[in-house]
Structures are given as structure tokens and as C-alpha cells.
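Q: So that you have it, the file is model-v5.csv, and it contains CSV, C-alpha atoms:
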```
chain,number,residue,atom,x,y,z
T,91,MET,CA,0.0,0.0,0.0
T,92,SER,CA,1.2,3.5,-0.7
T,93,ILE,CA,2.0,6.0,2.0
T,94,GLU,CA,0.2,8.7,0.0
T,95,SER,CA,-3.1,6.7,-0.1
T,96,GLY,CA,-3.4,7.0,3.7
T,97,GLU,CA,-4.0,3.2,3.9
T,98,TRP,CA,-0.5,2.5,5.4
T,99,GLN,CA,0.4,3.3,9.0
T,100,ALA,CA,3.8,2.9,10.7
T,101,LYS,CA,3.9,0.8,13.8
T,102,PRO,CA,5.8,2.6,16.7
T,103,GLY,CA,9.4,1.6,16.7
T,104,ASP,CA,9.2,-0.4,13.5
T,105,PRO,CA,12.7,0.1,11.9
T,106,VAL,CA,11.5,-0.6,8.4
T,107,ALA,CA,8.6,1.9,8.7
T,108,ILE,CA,10.9,4.5,10.3
T,109,ALA,CA,13.4,4.2,7.4
T,110,ILE,CA,10.6,4.5,4.8
T,111,LEU,CA,9.2,7.6,6.4
T,112,ALA,CA,12.6,9.2,6.9
T,113,ALA,CA,14.1,8.5,3.5
T,114,HIS,CA,14.4,11.0,0.7
T,115,MET,CA,15.1,13.9,3.1
T,116,LYS,CA,17.5,16.9,2.6
T,117,LEU,CA,20.2,16.4,5.2
T,118,LEU,CA,23.2,18.2,6.4
T,119,VAL,CA,26.3,16.2,7.2
T,120,THR,CA,29.2,18.2,8.8
T,121,GLY,CA,32.7,16.9,8.5
T,122,ALA,CA,31.6,15.3,5.2
T,123,ALA,CA,35.2,15.0,4.0
T,124,GLY,CA,36.2,13.2,7.2
T,125,PHE,CA,36.5,9.5,7.9
T,126,ILE,CA,33.1,8.9,9.5
T,127,GLY,CA,31.4,11.8,7.8
T,128,SER,CA,32.2,10.7,4.3
T,129,ARG,CA,31.1,7.1,5.0
T,130,THR,CA,27.9,8.3,6.6
T,131,THR,CA,27.2,10.6,3.6
T,132,GLN,CA,27.8,7.7,1.2
T,133,ARG,CA,25.3,5.6,3.0
T,134,LEU,CA,22.6,8.3,3.1
T,135,LEU,CA,23.1,9.0,-0.6
T,136,ASP,CA,22.9,5.3,-1.5
T,137,ARG,CA,19.5,5.1,0.2
T,138,GLY,CA,18.1,8.1,-1.7
T,139,ASP,CA,18.6,11.1,0.5
T,140,GLU,CA,19.8,14.5,-0.7
T,141,VAL,CA,22.9,15.5,1.3
T,142,VAL,CA,24.7,18.8,1.7
T,143,GLY,CA,28.2,18.1,3.1
T,144,LEU,CA,30.1,20.8,5.0
T,145,ASP,CA,33.8,20.7,5.7
T,146,ASN,CA,36.7,23.2,6.1
T,147,LEU,CA,39.3,20.8,4.7
T,148,ASN,CA,41.8,21.8,7.3
T,149,ASP,CA,45.4,20.3,7.2
T,150,TYR,CA,45.3,18.5,10.5
T,151,TYR,CA,46.0,15.5,8.2
T,152,ASP,CA,46.5,14.8,4.5
T,153,VAL,CA,44.1,17.0,2.6
T,154,SER,CA,44.4,14.9,-0.5
T,155,LEU,CA,42.8,12.0,1.3
T,156,LYS,CA,39.9,14.3,2.2
T,157,GLN,CA,39.6,15.4,-1.4
T,158,ALA,CA,39.6,11.7,-2.5
T,159,ARG,CA,36.7,11.0,-0.2
T,160,LEU,CA,34.8,14.0,-1.6
T,161,ASP,CA,35.5,12.9,-5.1
T,162,ARG,CA,33.6,9.6,-4.4
T,163,LEU,CA,30.7,11.6,-3.0
T,164,ARG,CA,30.6,14.0,-5.9
T,165,ALA,CA,29.7,11.1,-8.2
T,166,HIS,CA,26.2,11.3,-6.7
T,167,GLN,CA,23.9,13.9,-8.2
T,168,SER,CA,22.2,14.3,-4.9
T,169,PHE,CA,25.4,15.5,-3.1
T,170,ARG,CA,26.5,19.1,-2.9
T,171,PHE,CA,29.6,20.3,-1.0
T,172,VAL,CA,30.0,23.5,1.0
T,173,HIS,CA,33.5,24.5,1.9
T,174,ALA,CA,33.1,26.4,5.1
T,175,ASP,CA,34.2,26.5,8.7
T,176,LEU,CA,31.9,25.4,11.5
T,177,ALA,CA,33.1,28.4,13.6
T,178,ASP,CA,32.0,30.8,10.8
T,179,ARG,CA,28.7,32.0,12.3
T,180,ASP,CA,27.4,33.9,9.3
T,181,ALA,CA,28.3,31.1,6.8
T,182,VAL,CA,26.6,28.4,8.9
T,183,ALA,CA,23.5,30.5,9.6
T,184,GLY,CA,23.2,31.5,5.9
T,185,MET,CA,23.5,27.8,4.8
T,186,PHE,CA,20.7,26.7,7.3
T,187,SER,CA,18.4,29.5,6.2
T,188,LYS,CA,18.9,28.7,2.5
T,189,GLU,CA,18.8,24.9,2.6
T,190,LYS,CA,16.0,24.2,5.2
T,191,PHE,CA,17.4,20.8,6.3
T,192,ALA,CA,15.1,18.1,7.6
T,193,ARG,CA,17.7,16.6,9.9
T,194,VAL,CA,21.4,17.2,10.7
T,195,VAL,CA,24.3,14.8,11.3
T,196,HIS,CA,27.0,16.8,13.0
T,197,LEU,CA,30.3,14.9,12.7
T,198,GLY,CA,32.6,17.8,12.0
T,199,ALA,CA,35.1,18.5,14.8
T,200,GLN,CA,38.8,19.1,15.5
T,201,ALA,CA,39.9,15.5,16.1
T,202,GLY,CA,42.7,14.0,18.1
T,203,VAL,CA,43.3,13.6,21.9
T,204,ARG,CA,47.0,14.3,21.8
T,205,TYR,CA,46.8,17.3,19.5
T,206,SER,CA,44.5,19.1,21.9
T,207,ILE,CA,47.5,19.5,24.2
T,208,GLU,CA,49.4,21.3,21.4
T,209,ASP,CA,46.7,23.5,20.0
T,210,PRO,CA,43.8,23.9,22.5
T,211,HIS,CA,42.3,26.9,20.8
T,212,ALA,CA,41.5,24.8,17.7
T,213,TYR,CA,39.2,22.6,19.8
T,214,ILE,CA,37.4,25.6,21.3
T,215,GLN,CA,36.7,27.1,17.9
T,216,SER,CA,35.7,24.0,16.1
T,217,ASN,CA,34.1,21.8,18.8
T,218,ILE,CA,32.5,24.4,21.1
T,219,VAL,CA,31.9,27.5,18.8
T,220,GLY,CA,31.2,25.3,15.8
T,221,THR,CA,28.7,23.1,17.7
T,222,LEU,CA,26.9,26.2,19.1
T,223,ASN,CA,26.5,27.4,15.5
T,224,ILE,CA,25.0,24.1,14.5
T,225,LEU,CA,22.6,24.1,17.4
T,226,GLU,CA,21.5,27.7,16.6
T,227,GLY,CA,21.0,26.7,12.9
T,228,CYS,CA,18.8,23.7,14.0
T,229,ARG,CA,16.9,25.8,16.5
T,230,HIS,CA,16.0,28.6,14.1
T,231,ASN,CA,15.1,26.4,11.1
T,232,SER,CA,12.8,23.7,12.5
T,233,VAL,CA,15.3,20.8,12.2
T,234,ALA,CA,13.5,17.7,13.3
T,235,HIS,CA,16.5,15.9,14.7
T,236,LEU,CA,20.2,16.6,15.4
T,237,VAL,CA,22.5,13.7,15.7
T,238,TYR,CA,26.0,14.6,16.8
T,239,ALA,CA,29.3,12.8,17.5
T,240,SER,CA,30.5,12.5,21.0
T,241,SER,CA,33.3,10.2,22.1
T,242,SER,CA,34.3,7.5,24.5
T,243,SER,CA,37.0,9.9,25.8
T,244,VAL,CA,34.3,11.7,27.9
T,245,TYR,CA,34.6,8.8,30.4
T,246,GLY,CA,38.1,10.0,31.1
T,247,ALA,CA,39.6,9.0,34.5
T,248,SER,CA,36.8,6.5,35.2
T,249,ALA,CA,38.0,2.9,35.5
T,250,LYS,CA,34.5,1.5,36.0
T,251,LEU,CA,34.1,-0.8,33.0
T,252,PRO,CA,32.2,-1.2,30.8
T,253,TYR,CA,31.5,2.4,30.3
T,254,SER,CA,27.8,3.1,30.7
T,255,VAL,CA,25.7,6.1,29.7
T,256,HIS,CA,24.1,5.8,33.1
T,257,GLU,CA,27.3,6.8,34.9
T,258,ALA,CA,28.4,10.4,35.1
T,259,ALA,CA,31.1,11.4,32.7
T,260,SER,CA,32.5,14.1,34.8
T,261,HIS,CA,36.2,13.7,34.8
T,262,PRO,CA,37.6,14.1,31.2
T,263,VAL,CA,41.4,14.0,31.1
T,264,SER,CA,42.0,15.9,27.8
T,265,LEU,CA,40.6,19.1,26.3
T,266,TYR,CA,39.3,17.1,23.4
T,267,ALA,CA,37.2,15.0,25.8
T,268,ALA,CA,36.1,18.1,27.7
T,269,SER,CA,34.9,19.6,24.4
T,270,LYS,CA,32.9,16.5,23.6
T,271,ARG,CA,31.3,16.4,27.0
T,272,SER,CA,30.5,20.1,26.6
T,273,ASN,CA,28.7,19.3,23.4
T,274,GLU,CA,26.5,16.9,25.2
T,275,LEU,CA,25.6,19.5,27.8
T,276,MET,CA,25.0,22.2,25.2
T,277,ALA,CA,22.7,19.8,23.3
T,278,HIS,CA,20.8,19.1,26.4
T,279,SER,CA,20.2,22.8,27.1
T,280,TYR,CA,18.8,23.2,23.5
T,281,SER,CA,16.6,20.2,23.9
T,282,SER,CA,15.3,21.5,27.2
T,283,VAL,CA,14.8,25.1,26.4
T,284,PHE,CA,13.8,24.9,22.7
T,285,GLY,CA,12.5,21.4,22.4
T,286,LEU,CA,15.1,20.5,19.8
T,287,PRO,CA,15.5,16.7,19.5
T,288,THR,CA,19.2,15.8,19.9
T,289,THR,CA,21.0,12.5,20.2
T,290,GLY,CA,24.7,12.2,21.1
T,291,LEU,CA,26.7,9.1,20.0
T,292,ARG,CA,29.8,8.2,21.9
T,293,PHE,CA,32.0,6.5,19.4
T,294,PHE,CA,34.6,4.0,20.5
T,295,THR,CA,37.9,3.8,18.5
T,296,VAL,CA,36.6,3.8,15.0
T,297,TYR,CA,38.8,2.1,12.3
T,298,GLY,CA,38.5,0.8,8.7
T,299,PRO,CA,39.0,1.7,5.0
T,300,TRP,CA,39.5,5.5,4.3
T,301,GLY,CA,40.5,6.0,7.9
T,302,ARG,CA,42.4,8.8,9.5
T,303,PRO,CA,46.2,8.8,9.1
T,304,ASP,CA,46.7,9.9,12.7
T,305,MET,CA,45.0,6.8,14.1
T,306,ALA,CA,47.0,3.8,15.4
T,307,LEU,CA,46.0,1.3,12.6
T,308,PHE,CA,47.0,3.7,9.9
T,309,LEU,CA,50.3,4.6,11.5
T,310,PHE,CA,51.2,1.0,12.3
T,311,ALA,CA,50.4,-0.2,8.8
T,312,ARG,CA,52.5,2.5,7.1
T,313,SER,CA,55.5,2.0,9.4
T,314,ILE,CA,55.5,-1.8,9.1
T,315,LEU,CA,55.3,-1.7,5.3
T,316,GLU,CA,58.1,0.9,5.2
T,317,GLY,CA,60.2,-1.2,7.5
T,318,ARG,CA,60.2,1.3,10.3
T,319,PRO,CA,59.5,0.5,14.0
T,320,ILE,CA,56.1,1.4,15.5
T,321,GLN,CA,55.6,3.3,18.7
T,322,VAL,CA,53.4,1.4,21.2
T,323,PHE,CA,52.3,3.5,24.2
T,324,ASN,CA,51.6,2.3,27.7
T,325,GLN,CA,54.0,-0.6,27.0
T,326,GLY,CA,51.2,-2.1,24.9
T,327,HIS,CA,49.0,-2.6,27.9
T,328,HIS,CA,46.0,-0.9,26.4
T,329,LYS,CA,42.6,-2.4,25.7
T,330,ARG,CA,40.4,-0.7,23.1
T,331,ASP,CA,36.8,-1.3,22.0
T,332,PHE,CA,37.8,-1.1,18.4
T,333,THR,CA,34.7,-0.4,16.2
T,334,TYR,CA,34.5,-1.0,12.5
T,335,ILE,CA,33.4,2.0,10.4
T,336,ASP,CA,30.4,0.3,8.8
T,337,ASP,CA,29.1,-0.6,12.2
T,338,ILE,CA,29.4,3.0,13.3
T,339,VAL,CA,27.5,4.2,10.2
T,340,GLU,CA,24.7,1.7,10.7
T,341,GLY,CA,24.2,3.1,14.2
T,342,VAL,CA,24.3,6.7,13.0
T,343,VAL,CA,21.6,6.1,10.4
T,344,ARG,CA,19.3,4.1,12.6
T,345,VAL,CA,19.5,6.8,15.3
T,346,LEU,CA,19.0,9.6,12.8
T,347,ASP,CA,15.7,8.1,11.6
T,348,GLN,CA,14.2,8.0,15.0
T,349,ALA,CA,14.1,11.4,16.6
T,350,ALA,CA,14.8,11.6,20.4
T,351,GLN,CA,11.8,11.8,22.7
T,352,PRO,CA,11.4,12.8,26.4
T,353,ASP,CA,12.1,9.7,28.5
T,354,PRO,CA,9.3,8.6,30.8
T,355,ARG,CA,11.9,7.0,33.1
T,356,TRP,CA,13.2,10.5,34.1
T,357,ASP,CA,13.1,11.0,37.9
T,358,ALA,CA,14.1,14.5,39.0
T,359,LYS,CA,14.8,13.2,42.6
T,360,HIS,CA,17.1,10.5,41.2
T,361,PRO,CA,18.6,11.9,38.0
T,362,ASP,CA,20.1,9.4,35.6
T,363,PRO,CA,22.6,10.9,33.0
T,364,ALA,CA,21.0,8.7,30.4
T,365,TYR,CA,17.5,10.0,30.8
T,366,SER,CA,15.9,13.4,30.4
T,367,PRO,CA,12.5,15.1,30.4
T,368,ALA,CA,13.7,16.8,27.2
T,369,PRO,CA,13.9,15.1,23.8
T,370,TYR,CA,17.5,14.2,24.4
T,371,ARG,CA,19.4,10.9,24.3
T,372,LEU,CA,22.9,9.5,24.6
T,373,TYR,CA,24.2,6.2,23.3
T,374,ASN,CA,27.5,4.3,23.3
T,375,ILE,CA,28.5,2.8,19.9
T,376,GLY,CA,31.3,0.3,20.4
T,377,SER,CA,32.0,-3.3,19.6
T,378,ASN,CA,31.4,-4.4,23.2
T,379,ARG,CA,34.5,-6.6,22.8
T,380,PRO,CA,37.7,-4.9,24.0
T,381,VAL,CA,40.8,-6.1,22.3
T,382,ASP,CA,44.4,-6.0,23.7
T,383,LEU,CA,46.5,-3.5,21.7
T,384,LEU,CA,49.2,-6.1,21.2
T,385,ARG,CA,46.6,-8.5,19.8
T,386,TYR,CA,45.4,-5.8,17.4
T,387,ILE,CA,49.0,-5.4,16.2
T,388,GLU,CA,49.2,-9.2,15.8
T,389,VAL,CA,46.1,-9.2,13.6
T,390,LEU,CA,47.6,-6.4,11.5
T,391,GLU,CA,50.9,-8.3,11.2
T,392,ASP,CA,49.0,-11.4,9.9
T,393,CYS,CA,47.1,-9.3,7.3
T,394,LEU,CA,50.3,-7.6,6.1
T,395,GLY,CA,52.4,-10.8,6.2
T,396,ARG,CA,55.1,-8.9,8.1
T,397,LYS,CA,56.2,-8.5,11.7
T,398,ALA,CA,56.5,-5.2,13.5
T,399,GLU,CA,59.5,-3.9,15.4
T,400,LYS,CA,58.0,-2.3,18.5
T,401,ILE,CA,59.2,0.6,20.6
T,402,LEU,CA,57.4,0.4,23.9
T,403,LEU,CA,56.7,3.8,25.5
T,404,PRO,CA,54.9,5.1,28.6
T,405,MET,CA,51.3,6.3,28.6
T,406,GLN,CA,50.7,9.5,26.7
T,407,PRO,CA,49.2,12.6,28.5
T,408,GLY,CA,45.5,12.7,28.1
T,409,ASP,CA,45.2,9.0,27.2
T,410,VAL,CA,43.3,6.3,29.1
T,411,ALA,CA,44.4,2.7,29.6
T,412,ASP,CA,41.2,0.9,28.6
T,413,THR,CA,37.8,1.4,26.9
T,414,PHE,CA,34.8,-0.9,26.9
T,415,ALA,CA,31.4,0.1,25.7
T,416,ASP,CA,28.1,-0.9,27.3
T,417,VAL,CA,25.8,-0.9,24.3
T,418,ARG,CA,22.6,-2.2,25.9
T,419,GLU,CA,20.6,1.0,25.3
T,420,LEU,CA,21.5,1.0,21.6
T,421,GLU,CA,20.4,-2.6,21.3
T,422,GLN,CA,17.2,-2.1,23.3
T,423,ASP,CA,16.1,1.0,21.4
T,424,PHE,CA,17.2,0.2,17.9
T,425,GLY,CA,17.7,-3.6,17.9
T,426,TYR,CA,21.3,-3.1,16.9
T,427,ARG,CA,24.8,-3.6,18.1
T,428,PRO,CA,28.2,-3.6,16.2
T,429,THR,CA,29.2,-7.1,15.1
T,430,THR,CA,32.4,-6.8,13.0
T,431,PRO,CA,35.4,-8.6,14.6
T,432,VAL,CA,38.9,-7.0,14.3
T,433,GLU,CA,40.1,-9.9,12.2
T,434,VAL,CA,37.6,-9.0,9.5
T,435,GLY,CA,37.8,-5.2,9.9
T,436,VAL,CA,41.6,-5.0,9.9
T,437,ARG,CA,41.7,-7.2,6.7
T,438,LYS,CA,39.3,-4.8,5.0
T,439,PHE,CA,41.5,-1.9,6.0
T,440,VAL,CA,44.7,-3.5,4.8
T,441,ASP,CA,43.1,-4.4,1.4
T,442,TRP,CA,42.0,-0.8,1.0
T,443,TYR,CA,45.4,0.6,2.1
T,444,ARG,CA,47.4,-1.5,-0.3
T,445,ASP,CA,45.0,-0.6,-3.2
T,446,TYR,CA,44.9,3.2,-2.4
T,447,TYR,CA,48.6,3.7,-1.8
T,448,GLY,CA,49.9,0.9,-4.1
T,449,ALA,CA,51.7,-0.6,-1.1
T,450,HIS,CA,53.0,-4.2,-1.2
```
Take the structure in the file and give it back as C-alpha cells.

A:
Amino acid sequence: MSIESGEWQAKPGDPVAIAILAAHMKLLVTGAAGFIGSRTTQRLLDRGDEVVGLDNLNDYYDVSLKQARLDRLRAHQSFRFVHADLADRDAVAGMFSKEKFARVVHLGAQAGVRYSIEDPHAYIQSNIVGTLNILEGCRHNSVAHLVYASSSSVYGASAKLPYSVHEAASHPVSLYAASKRSNELMAHSYSSVFGLPTTGLRFFTVYGPWGRPDMALFLFARSILEGRPIQVFNQGHHKRDFTYIDDIVEGVVRVLDQAAQPDPRWDAKHPDPAYSPAPYRLYNIGSNRPVDLLRYIEVLEDCLGRKAEKILLPMQPGDVADTFADVRELEQDFGYRPTTPVEVGVRKFVDWYRDYYGAH
């Protein structure tokens, strides 16, 4: 039956119905030239949405890789690129006013935990001022749902594993983490005061094809193939909830299609960080299967067919020893949890890396 005929009705929470009703929207994706942003944009275009992608193409890492990601997106007639900075208030406001987006996926940010020690002002401009401009654009232009990237780094000094959205994330140990936690609080204020539905997604160590050159997998692969030693921090005693890129994108799209609602479980006398009387939600997206860093390196060695020479180093400032995502809320609300094991995900990365760089 057609939707237009009025004979078809969606059942509450039905993921197929939600996808049908949400498809073919005009969407904004910030950070569209980035790792997660480009893959998310590709997925939205493939299902029939019109996407405007915004990025400032900064030189934090190889701009040619960002351009190559954009070239793939430009093959779609339903994609348009806006070269602008999130912190440019007038440019962002003008774009929102002109385009009238149905929903927004805010993935643009100054990335990197360690770099936040070197250039803290970049994080305030991009992650704080930039997010404020996105919130204002959504507020003034009747955006039905804002989904934005947070990070597992917000859990900071907490050693209570697995990390749960029901626990307070009140002790970040890097400015990057503090900026992401600030984004969550800013979003909550806009959900509370203006009724803007917002959902924050705490990503856990994302990896895969077309990834960021500053991330461990990329750095390790390049060094091993070039016959150089790899730097392994914390003497290799890290555990990470490595999450494959396609698992992340699947979560983003499912959440985007179902706008946040006030949670009836909210109790003002016993406030839970995961609940709110406003249309506001937080979710972890992680594999729920932490992997030892040394095992991760072993998998990479197997895929490359080469052994790594390791330089074992102490913990880096602003880093944490272990991450482990509790993803029960994501599974309960969306019937979804990441499933790709590192053996599969790392193989796909290596295949892409060899092809893209002609590395053998």
C-alpha cells in the first residue's frame, strides 16, 4: 500500500517503517570529507537522501585523502559540497536559512586527543563554537533531529568498566574529551529550552578503510610496510573497544531516523545521566568486545604478512588505559549492536590501504 493513499500506517518503533518515512530527506552532514562523515554521507546518498556536506578541509592530516573521499561523494547527483568552517557563524547561519534541512548529522570537529595539548584553541573554535552554530541553525530552522558525534573519551579518568551512559562522565582528562562532554551538555540545554530533539553518539575507537592517518592502525600499517618501528604506548597494555566504520555508520543512520523523545523514566529526585525530560538521548557505539592493543597489532601483522618492530613507550598525556562500551541501550532502542570482529575489519583496512597507496 502507498503511504500517500493513507492506507498504510507505521507501527511505533518499526525500523522498516521508520526508514521508509525518513528516507528522501534533505540532510546536512558536517565533516563530510572526514572518515566517519564521508562514509555516513555515502550511506545516506545510497538510500536516496539529498545531502549537503560541509567541511573546512583543514590540514590536520593529509588534505588529498579528504579530497579523494569527496570525489567519491561527488559522483552522486544528490550531493553538494559546502567549503566552510563550523566556527564561521554567518556562513553556517546562511546555509541553514537557505537549505532548510530536515535533519542534521554533526560529525565535524577538531579530532585527536593528543593534538588538543598542542593546539587547544582549535578545539574551542571547532568543537565548542562550531557546535553552538549548528545548534543555533537547527533551532531557528525547525530541524526535526540533530545527531552529533561524541566520544568514549568523555569517560576520562573513570575505571568503571564497561562504560555506561548511566554513569556520570564528569572527569575528562583531555581538552578534546572536555569539548565533547561540553557538546552533550550544550545539546541538552537546547533540547530542554527549545524542544530540539538531539541524540549524542559516543564513538569507540573507529577504524577501517578510508580511515584517519593519525590513528594507530594507519600509523602502524604505514610503518610496518616501510620497514620502520612502531611506537606502542603504555608498553602495549591498552585495551580498546575497536569499532569498524560500517558498524558506526549503521548506528548513526538508525538513530537519525528516530528522533529523540522525552524519556518517561526520568526522575528528578534521582537523576540518571542517560534519561531526560527533554527530547535528548545519549548512546555508546562500540564493539562491546575490548581487544588488547598487542593482539590488534598481531592481527595487522597477519594481514600484512610482516612482523612489526615495537618501541614500547609510557602512557601519553590525556590518554586512558582501557575502553569498553556498554551498548545495551542501543540494542534495546534500535535492535542493533556492532558485530564486525577485528580480524575482518583490519583485513578490509589492509586491502584498502594496499590498493589506495599501491603498497605491497

Q: Could you list, as a PDB file with C-alpha atoms, in the frame of the given file, every residue within 9 Å of His328 in chain T, counting only C-alpha atoms and ignoring same-chain residues fewer than 3 positions away?

A:
```pdb
ATOM      1  CA  PHE T 323      52.300   3.500  24.200  1.00  0.00           C
ATOM      2  CA  ASN T 324      51.600   2.300  27.700  1.00  0.00           C
ATOM      3  CA  GLN T 325      54.000  -0.600  27.000  1.00  0.00           C
ATOM      4  CA  VAL T 381      40.800  -6.100  22.300  1.00  0.00           C
ATOM      5  CA  ASP T 382      44.400  -6.000  23.700  1.00  0.00           C
ATOM      6  CA  LEU T 383      46.500  -3.500  21.700  1.00  0.00           C
ATOM      7  CA  LEU T 384      49.200  -6.100  21.200  1.00  0.00           C
ATOM      8  CA  VAL T 410      43.300   6.300  29.100  1.00  0.00           C
ATOM      9  CA  ALA T 411      44.400   2.700  29.600  1.00  0.00           C
ATOM     10  CA  ASP T 412      41.200   0.900  28.600  1.00  0.00           C
ATOM     11  CA  THR T 413      37.800   1.400  26.900  1.00  0.00           C
TER      12      THR T 413
END
```

Q: For Thr295 in chain T, list every protein, DNA or RNA residue within 8 Å, evaluated using all atoms listed in the file, and leave out those in the same chain fewer than 6 positions away; present the list as a ChimeraX atom specification.

A: /T:242,330-333,376

Q: The selected residues should be written to file as a PDB file, in the frame of the given file (atoms: C-alpha atoms).

A:
```pdb
ATOM      1  CA  SER T 242      34.300   7.500  24.500  1.00  0.00           C
ATOM      2  CA  ARG T 330      40.400  -0.700  23.100  1.00  0.00           C
ATOM      3  CA  ASP T 331      36.800  -1.300  22.000  1.00  0.00           C
ATOM      4  CA  PHE T 332      37.800  -1.100  18.400  1.00  0.00           C
ATOM      5  CA  THR T 333      34.700  -0.400  16.200  1.00  0.00           C
ATOM      6  CA  GLY T 376      31.300   0.300  20.400  1.00  0.00           C
TER       7      GLY T 376
END
```

Q: Looking at all atoms listed in the file, which of T:Asn374, T:Phe186, T:Gly124, T:Arg162 is the one that sits closest to Leu147 in chain T?

A: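 Distance minimum relative to Leu147 in chain T lands on T:Gly124.
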
Q: Let me make sure I understand: among T:Pro407, T:Glu189, T:Ala398, T:Ser313, which one has the smallest atom-to-atom distance to Arg204 in chain T if we use only C-alpha atoms?

A: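 Of the candidates, the smallest distance to Arg204 in chain T is held by T:Pro407.
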
Q: Counting all atoms listed in the file, which residues of range 288-309 of chain T sit at most 12 Å from some atom of range 359-370 of chain T, and what is each one's closest atom pair with its distance in Å to one decimal, listed by chain and rising residue number, as CSV?

A:
```
residue,atom,partner,partner_atom,distance
T:Thr288,CA,T:Tyr370,CA,5.1
T:Thr289,CA,T:Tyr370,CA,5.7
T:Gly290,CA,T:Tyr370,CA,8.2
T:Leu291,CA,T:Tyr370,CA,11.4
```

Q: Would you please work out which residue, of T:His173, T:Arg379, T:His327, T:Arg355, is nearest to Pro404 in chain T when using only C-alpha atoms?

A: T:His327

Q: Of the candidates T:Lys116, T:Lys188, T:Ala349, T:Gly246, which one gets nearest to Gly138 in chain T if we count all atoms listed in the file?

A: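 Result for the nearest residue to Gly138 in chain T: T:Lys116.
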
Q: Using only C-alpha atoms, pick whichever of T:Val342, T:Val182, T:Leu315, T:Ala123 has the shortest atom-to-atom distance to Trp300 in chain T.

A: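 Among the listed residues, the smallest separation from Trp300 in chain T belongs to T:Ala123.
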
Q: May I have the residues within 10 Å of Lys438 in chain T as a list of chain:residue names, using all atoms listed in the file and disregarding those fewer than 3 positions away in the same chain?

A: T:Gly298, T:Pro299, T:Tyr334, T:Cys393, T:Val432, T:Glu433, T:Val434, T:Gly435, T:Asp441, T:Trp442, T:Tyr443
